[in-house]
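Asker: Got a file for you: query-v7.cif, mmCIF, C-alpha atoms.
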```cif
data_input
#
loop_
_atom_site.label_atom_id
_atom_site.label_comp_id
_atom_site.auth_asym_id
_atom_site.auth_seq_id
_atom_site.Cartn_x
_atom_site.Cartn_y
_atom_site.Cartn_z
CA MET A 1 19.41 21.71 -5.71
CA GLY A 2 18.95 18.45 -7.62
CA LEU A 3 15.95 16.66 -9.06
CA ARG A 4 14.49 13.31 -8.08
CA VAL A 5 11.98 11.24 -10.08
CA GLY A 6 9.62 8.47 -8.94
CA ILE A 7 7.43 6.30 -11.14
CA ASP A 8 4.81 3.63 -10.48
CA LEU A 9 2.49 1.42 -12.48
CA VAL A 10 -0.76 -0.08 -11.15
CA SER A 11 -3.16 -2.65 -12.58
CA ILE A 12 -6.70 -1.26 -12.75
CA ASP A 13 -8.00 -4.80 -12.42
CA ALA A 14 -6.12 -5.17 -9.10
CA VAL A 15 -7.81 -2.05 -7.75
CA GLU A 16 -11.20 -3.28 -8.95
CA GLN A 17 -10.58 -6.57 -7.15
CA SER A 18 -9.59 -4.76 -3.94
CA ILE A 19 -12.81 -2.74 -4.01
CA ARG A 20 -14.80 -5.93 -4.58
CA ILE A 21 -13.10 -7.91 -1.80
CA HIS A 22 -12.42 -5.27 0.85
CA SER A 23 -14.90 -2.55 -0.21
CA ALA A 24 -15.07 0.47 2.11
CA ARG A 25 -12.17 -0.67 4.29
CA TYR A 26 -9.81 -0.64 1.29
CA LEU A 27 -10.93 2.88 0.38
CA ARG A 28 -10.68 4.11 3.98
CA ARG A 29 -7.19 2.72 4.63
CA VAL A 30 -5.58 3.90 1.40
CA TYR A 31 -7.33 7.04 0.16
CA THR A 32 -8.45 10.30 1.75
CA SER A 33 -12.15 11.13 1.80
CA ARG A 34 -11.44 13.83 -0.77
CA GLU A 35 -9.76 11.34 -3.11
CA VAL A 36 -12.64 8.89 -2.75
CA ARG A 37 -15.06 11.70 -3.58
CA ASP A 38 -12.97 12.83 -6.57
CA CYS A 39 -12.54 9.29 -7.93
CA ARG A 40 -16.20 8.40 -8.42
CA ALA A 41 -17.72 7.25 -11.68
CA PRO A 42 -20.76 9.14 -13.03
CA ASP A 43 -23.01 6.61 -11.26
CA GLY A 44 -21.38 7.46 -7.91
CA ALA A 45 -19.50 4.17 -7.53
CA PRO A 46 -15.73 4.17 -6.88
CA ASP A 47 -13.90 4.36 -10.22
CA PRO A 48 -11.05 1.78 -10.20
CA ARG A 49 -9.36 3.49 -13.15
CA ARG A 50 -9.02 6.81 -11.36
CA LEU A 51 -8.18 5.18 -8.02
CA ALA A 52 -5.40 3.19 -9.72
CA GLY A 53 -3.92 6.46 -11.00
CA CYS A 54 -4.18 7.90 -7.50
CA PHE A 55 -2.46 4.88 -5.95
CA ALA A 56 0.32 5.03 -8.56
CA ALA A 57 0.83 8.71 -7.68
CA LYS A 58 1.16 7.88 -3.99
CA GLU A 59 3.73 5.16 -4.67
CA ALA A 60 5.67 7.40 -7.07
CA ALA A 61 5.74 10.06 -4.35
CA LEU A 62 7.03 7.51 -1.81
CA LYS A 63 9.90 6.78 -4.18
CA VAL A 64 10.71 10.48 -4.49
CA LEU A 65 10.67 10.78 -0.71
CA GLY A 66 13.19 7.95 -0.53
CA VAL A 67 11.15 5.92 1.93
CA ASP A 68 13.26 3.17 3.43
CA ASP A 69 11.34 1.50 6.23
CA GLU A 70 9.60 4.56 7.67
CA ALA A 71 5.85 4.32 8.31
CA VAL A 72 4.17 6.68 5.84
CA PRO A 73 0.39 6.13 5.71
CA TRP A 74 -1.01 6.38 2.19
CA GLN A 75 -3.47 9.08 3.29
CA SER A 76 -0.57 11.40 4.13
CA ILE A 77 0.00 11.74 0.37
CA GLU A 78 -3.11 13.28 -1.17
CA VAL A 79 -3.77 13.68 -4.88
CA HIS A 80 -5.77 16.71 -5.98
CA ASN A 81 -7.23 17.57 -9.35
CA ASP A 82 -7.80 21.17 -10.41
CA ARG A 83 -10.79 22.35 -12.45
CA LEU A 84 -9.06 21.32 -15.67
CA GLY A 85 -8.20 17.87 -14.31
CA SER A 86 -4.49 18.55 -13.77
CA PRO A 87 -3.26 16.52 -10.79
CA SER A 88 -1.07 17.74 -7.95
CA ILE A 89 0.19 16.31 -4.65
CA GLU A 90 -0.20 17.55 -1.10
CA LEU A 91 1.86 16.00 1.69
CA THR A 92 0.63 15.98 5.26
CA GLY A 93 1.62 14.29 8.52
CA ALA A 94 4.33 11.64 8.23
CA ALA A 95 4.93 12.28 4.51
CA GLU A 96 5.35 16.01 5.06
CA ARG A 97 7.77 15.44 7.95
CA LEU A 98 9.82 12.99 5.87
CA ALA A 99 9.96 15.43 2.94
CA ARG A 100 11.25 18.14 5.27
CA ARG A 101 13.91 15.79 6.70
CA ARG A 102 15.02 14.68 3.25
CA GLY A 103 14.96 18.19 1.73
CA VAL A 104 12.31 17.24 -0.86
CA THR A 105 10.25 20.18 -2.16
CA ASP A 106 8.18 21.31 -5.16
CA LEU A 107 6.63 17.96 -6.03
CA ASP A 108 4.90 17.78 -9.40
CA LEU A 109 2.81 14.92 -10.74
CA SER A 110 1.57 13.45 -13.99
CA ILE A 111 -0.83 10.50 -14.31
CA THR A 112 -1.71 8.50 -17.41
CA HIS A 113 -3.97 5.54 -18.22
CA GLU A 114 -3.68 3.04 -21.04
CA GLY A 115 -5.75 -0.12 -21.30
CA PRO A 116 -5.53 -2.11 -18.06
CA LEU A 117 -2.85 0.08 -16.47
CA ALA A 118 -2.45 3.43 -14.74
CA ALA A 119 0.95 5.07 -14.33
CA ALA A 120 2.20 8.11 -12.46
CA ILE A 121 5.43 10.09 -12.39
CA VAL A 122 6.41 12.46 -9.59
CA VAL A 123 9.30 14.93 -9.92
CA ALA A 124 10.68 16.97 -7.04
CA ARG A 125 13.56 19.21 -6.08
CA VAL A 126 15.98 17.81 -3.51
CA ARG A 127 18.54 19.74 -1.48
CA ASP A 128 22.04 18.80 -2.67
CA GLU A 129 23.23 17.56 0.71
CA CYS A 130 20.25 15.15 1.02
CA MET B 131 6.08 -17.33 19.11
CA LEU B 132 3.36 -17.97 16.56
CA SER B 133 1.51 -21.26 16.51
CA ALA B 134 1.95 -23.62 13.57
CA ASP B 135 -1.69 -22.99 12.60
CA ALA B 136 -1.06 -19.26 12.48
CA ARG B 137 1.95 -19.73 10.21
CA ILE B 138 -0.12 -21.92 7.89
CA GLU B 139 -2.83 -19.25 7.87
CA ILE B 140 -0.32 -16.53 6.97
CA ARG B 141 0.83 -18.59 3.98
CA ARG B 142 -2.80 -19.19 2.92
CA VAL B 143 -3.52 -15.45 3.01
CA ILE B 144 -0.34 -14.69 1.05
CA ARG B 145 -1.28 -17.33 -1.54
CA GLU B 146 -4.76 -15.86 -2.02
CA HIS B 147 -4.04 -12.13 -1.83
CA ALA B 148 -0.38 -11.29 -2.58
CA ARG B 149 -0.67 -12.14 -6.31
CA LEU B 150 2.77 -13.74 -6.27
CA PRO B 151 3.99 -15.24 -9.54
CA VAL B 152 5.42 -18.16 -7.52
CA ASP B 153 3.91 -20.55 -4.98
CA VAL B 154 4.56 -19.13 -1.52
CA ASP B 155 5.38 -22.63 -0.28
CA THR B 156 8.52 -22.55 -2.43
CA LEU B 157 9.71 -19.58 -0.32
CA ASP B 158 11.20 -19.89 3.13
CA ASP B 159 10.04 -17.74 6.04
CA GLY B 160 12.77 -15.16 5.44
CA ALA B 161 12.35 -14.80 1.67
CA ASP B 162 11.60 -11.27 0.45
CA LEU B 163 8.03 -11.25 -0.92
CA PHE B 164 8.63 -8.01 -2.86
CA ALA B 165 11.68 -9.55 -4.53
CA ALA B 166 9.49 -12.58 -5.32
CA GLY B 167 7.09 -10.33 -7.25
CA MET B 168 4.60 -8.84 -4.77
CA THR B 169 3.63 -5.32 -5.85
CA SER B 170 3.04 -2.46 -3.45
CA HIS B 171 -0.68 -2.56 -4.27
CA ALA B 172 -0.81 -6.29 -3.59
CA SER B 173 0.77 -5.62 -0.20
CA VAL B 174 -2.29 -3.49 0.64
CA ASN B 175 -4.57 -6.43 -0.15
CA LEU B 176 -2.34 -8.69 1.90
CA MET B 177 -2.53 -6.32 4.86
CA LEU B 178 -6.34 -6.12 4.71
CA ALA B 179 -6.71 -9.89 4.31
CA LEU B 180 -4.37 -10.52 7.27
CA GLU B 181 -6.50 -8.15 9.35
CA ASP B 182 -9.58 -10.18 8.44
CA ALA B 183 -7.92 -13.52 9.09
CA PHE B 184 -6.42 -12.59 12.46
CA ASP B 185 -9.10 -10.14 13.61
CA LEU B 186 -6.70 -7.25 14.14
CA GLU B 187 -5.78 -3.90 12.63
CA PHE B 188 -2.24 -2.90 11.72
CA PRO B 189 -1.59 0.53 13.27
CA ASP B 190 -0.04 3.32 11.19
CA ARG B 191 3.37 2.76 12.79
CA MET B 192 3.41 -0.75 11.26
CA LEU B 193 2.60 0.35 7.72
CA THR B 194 6.15 -0.20 6.56
CA ARG B 195 7.65 -2.32 3.83
CA GLY B 196 9.57 -4.31 6.43
CA VAL B 197 6.44 -5.58 8.21
CA PHE B 198 5.09 -7.22 5.04
CA GLU B 199 8.32 -8.28 3.33
CA SER B 200 8.43 -11.91 4.46
CA VAL B 201 6.39 -14.66 6.12
CA GLY B 202 8.60 -14.34 9.17
CA ALA B 203 8.23 -10.55 9.42
CA ILE B 204 4.45 -10.83 9.10
CA GLY B 205 4.45 -13.48 11.82
CA ASP B 206 6.47 -11.24 14.13
CA ALA B 207 4.05 -8.34 13.55
CA ILE B 208 1.00 -10.51 14.20
CA ALA B 209 2.56 -11.92 17.36
CA GLU B 210 3.11 -8.35 18.56
CA LEU B 211 -0.50 -7.38 17.84
CA THR B 212 -2.17 -10.51 19.16
CA PRO B 213 -3.04 -10.18 22.86
CA SER B 214 -1.94 -13.71 23.69
CA ALA B 215 1.27 -13.07 21.71
CA ASP B 216 1.01 -16.43 19.99
CA GLY B 217 -1.03 -15.43 16.96
CA ASN B 218 -3.87 -17.78 17.86
CA LEU B 219 -6.59 -17.66 15.24
CA PRO B 220 -9.92 -16.06 16.12
CA LEU B 221 -12.80 -18.42 16.85
CA ASN B 222 -14.30 -17.87 13.39
CA GLY B 223 -11.19 -19.48 11.93
CA GLY B 224 -10.31 -16.34 10.02
CA GLY B 225 -11.31 -17.62 6.59
CA ALA B 226 -11.34 -15.05 3.77
#
```
Translate the structure of the given file into structure tokens.
Answerer:
Amino acid sequence: MGLRVGIDLVSIDAVEQSIRIHSARYLRRVYTSREVRDCRAPDGAPDPRRLAGCFAAKEAALKVLGVDDEAVPWQSIEVHNDRLGSPSIELTGAAERLARRRGVTDLDLSITHEGPLAAAIVVARVRDEC
Amino acid sequence: MLSADARIEIRRVIREHARLPVDVDTLDDGADLFAAGMTSHASVNLMLALEDAFDLEFPDRMLTRGVFESVGAIGDAIAELTPSADGNLPLNGGGA
């Protein structure tokens, strides 16, 4: 069993711009309804800072999965937050099938924000022969 | 085969939404947009803007890096999704 690491960095401003230009369609195509609900600001509006962290987590997970040119919809990688705010990842559909094929298990996630950027790191176990 | 107007429209959408650090017109149709500086998040914006411009929706099976990696690849995908297979622009002109 080996380890694999994926990392991604996202501009919060870019996410804010996507919400402004594409509004609900951007949210619907990229995030699950649970993520949209969890990434709301106190006033109920989508929070670009938290969504940027979520997007970075999805891209970091794609790197861990070793996506080449497979179609893996963003919603098949869902970011959860527990009561204390610790994030975790759940794979479904195409992402789950790819993880099984590639022998990727036990994904763990960390997200951080600093100034205009959000970053995420995903670590996972990978079967040696994969 | 995409029309010349459709190819011009693809380049306009890339220029406005892909956040490239270079002018897309300095890139040929086969140039890798990710290698030219397009981020994965910018590729989402590009996808949504292309859907607006060409009045279509990319299905899940086309949500791959390869579909959005070059002007030519985008043109091939749009040709496949456009009923007339020539990427003709919708009547509204597809402006952003």
Asker: Identify every residue of chain A that has at least one atom within 9 Å of any atom of chain B, counting all atoms listed in the file, and report the result as a compact mmCIF listing (two decimals) with C-alpha atoms, in the frame of the given file.
Answerer:
```
# COMPACT_ATOMS: atom_id res chain seq x y z
CA VAL A 10 -0.76 -0.08 -11.15
CA SER A 11 -3.16 -2.65 -12.58
CA ALA A 14 -6.12 -5.17 -9.10
CA VAL A 15 -7.81 -2.05 -7.75
CA SER A 18 -9.59 -4.76 -3.94
CA ILE A 21 -13.10 -7.91 -1.80
CA HIS A 22 -12.42 -5.27 0.85
CA ARG A 25 -12.17 -0.67 4.29
CA TYR A 26 -9.81 -0.64 1.29
CA ARG A 29 -7.19 2.72 4.63
CA VAL A 30 -5.58 3.90 1.40
CA PHE A 55 -2.46 4.88 -5.95
CA ALA A 56 0.32 5.03 -8.56
CA GLU A 59 3.73 5.16 -4.67
CA ASP A 68 13.26 3.17 3.43
CA ASP A 69 11.34 1.50 6.23
CA GLU A 70 9.60 4.56 7.67
CA ALA A 71 5.85 4.32 8.31
CA VAL A 72 4.17 6.68 5.84
CA PRO A 73 0.39 6.13 5.71
CA TRP A 74 -1.01 6.38 2.19
```
Asker: Considering all atoms listed in the file, state which residue in the set A:Leu62, A:Ala119, A:Ala99, A:Leu51 is at the smallest distance from Arg37 of chain A.
Answerer: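 Once distances to Arg37 of chain A are computed over all atoms listed in the file, the minimum belongs to A:Leu51.
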Asker: Write out as a tab-separated table a residue-level contact list of segment 32-88 of chain A versus segment 100-112 of chain A with cut-off 12 Å: for each qualifying residue the closest pair of atoms and the distance in Å to one decimal, counting all atoms listed in the file, rows sorted by chain and residue number upward.
Answerer:
```
residue	atom	partner	partner_atom	distance
A:Arg49	CA	A:Thr112	CA	10.1
A:Arg50	CA	A:Ile111	CA	9.5
A:Leu51	CA	A:Ile111	CA	11.0
A:Ala52	CA	A:Ile111	CA	9.8
A:Gly53	CA	A:Ile111	CA	6.1
A:Cys54	CA	A:Ile111	CA	8.0
A:Phe55	CA	A:Ile111	CA	10.2
A:Ala56	CA	A:Ile111	CA	8.0
A:Ala57	CA	A:Ile111	CA	7.1
A:Lys58	CA	A:Leu109	CA	9.9
A:Glu59	CA	A:Leu109	CA	11.5
A:Ala60	CA	A:Leu109	CA	8.8
A:Ala61	CA	A:Leu107	CA	8.1
A:Leu62	CA	A:Val104	CA	11.1
A:Lys63	CA	A:Val104	CA	11.2
A:Val64	CA	A:Val104	CA	7.8
A:Leu65	CA	A:Val104	CA	6.7
A:Gly66	CA	A:Arg102	CA	7.9
A:Val67	CA	A:Arg102	CA	9.7
A:Asp68	CA	A:Arg102	CA	11.6
A:Ile77	CA	A:Leu107	CA	11.1
A:Glu78	CA	A:Leu109	CA	11.4
A:Val79	CA	A:Leu109	CA	8.9
A:His80	CA	A:Leu109	CA	10.0
A:Asn81	CA	A:Leu109	CA	10.5
A:Gly85	CA	A:Ile111	CA	10.4
A:Ser86	CA	A:Ser110	CA	7.9
A:Pro87	CA	A:Leu109	CA	6.3
A:Ser88	CA	A:Leu109	CA	5.5
```
Asker: Take atom CA of Val143 of chain B and atom CA of Ser23 of chain A and report the distance between them in Å, one decimal.
Answerer: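 Separating atom CA of Val143 of chain B from atom CA of Ser23 of chain A is a distance of 17.5 Å.
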Asker: Mind pulling up the distance from atom CA of Glu35 of chain A to atom CA of Val126 of chain A?
Answerer: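 Atom CA of Glu35 of chain A lies 26.5 Å from atom CA of Val126 of chain A.
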Asker: Tell me which residues the PyMOL selection byres ((chain B and resi 155-167) around 9) grabs here, as a PyMOL selection string.
Answerer: chain B and resi 141+145+148-154+168-170+173+195+198-203
Asker: Do you have the atom CA of Gly115 of chain A-atom CA of Ile12 of chain A distance handy?
Answerer: 8.7 Å
Asker: With only C-alpha atoms as the basis for distance, which of A:Ala41, A:Ser76, A:Pro48, A:Gln17 is at the shortest distance from Leu117 of chain A?
Answerer: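 The answer is A:Pro48, which sits nearest to Leu117 of chain A.
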Asker: Take the PyMOL selection byres ((chain B and resi 206-209) around 10), run it mentally on this structure, and tell me the resulting residues as a VMD selection string.
Answerer: chain B and resid 131 to 133 136 140 180 to 181 184 186 to 188 192 196 to 198 200 to 205 210 to 218
Asker: Quick one: residues within 8 Å of (-15.3, 3.7, -4.2) (file frame), counting only C-alpha atoms, please, as a PDB file with C-alpha atoms, in the frame of the given file.
Answerer:
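Output (out14.pdb):
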```pdb
ATOM      1  CA  ILE A  19     -12.810  -2.740  -4.010  1.00  0.00           C
ATOM      2  CA  SER A  23     -14.900  -2.550  -0.210  1.00  0.00           C
ATOM      3  CA  ALA A  24     -15.070   0.470   2.110  1.00  0.00           C
ATOM      4  CA  LEU A  27     -10.930   2.880   0.380  1.00  0.00           C
ATOM      5  CA  VAL A  36     -12.640   8.890  -2.750  1.00  0.00           C
ATOM      6  CA  CYS A  39     -12.540   9.290  -7.930  1.00  0.00           C
ATOM      7  CA  ARG A  40     -16.200   8.400  -8.420  1.00  0.00           C
ATOM      8  CA  ALA A  45     -19.500   4.170  -7.530  1.00  0.00           C
ATOM      9  CA  PRO A  46     -15.730   4.170  -6.880  1.00  0.00           C
ATOM     10  CA  ASP A  47     -13.900   4.360 -10.220  1.00  0.00           C
ATOM     11  CA  PRO A  48     -11.050   1.780 -10.200  1.00  0.00           C
TER      12      PRO A  48
END
```
Asker: Using all atoms listed in the file, which residue out of A:Arg97, A:Glu114, A:Asp38, A:Arg20 lies closest to Arg83 of chain A?
Answerer: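 That would be A:Asp38, the residue with the smallest distance to Arg83 of chain A.
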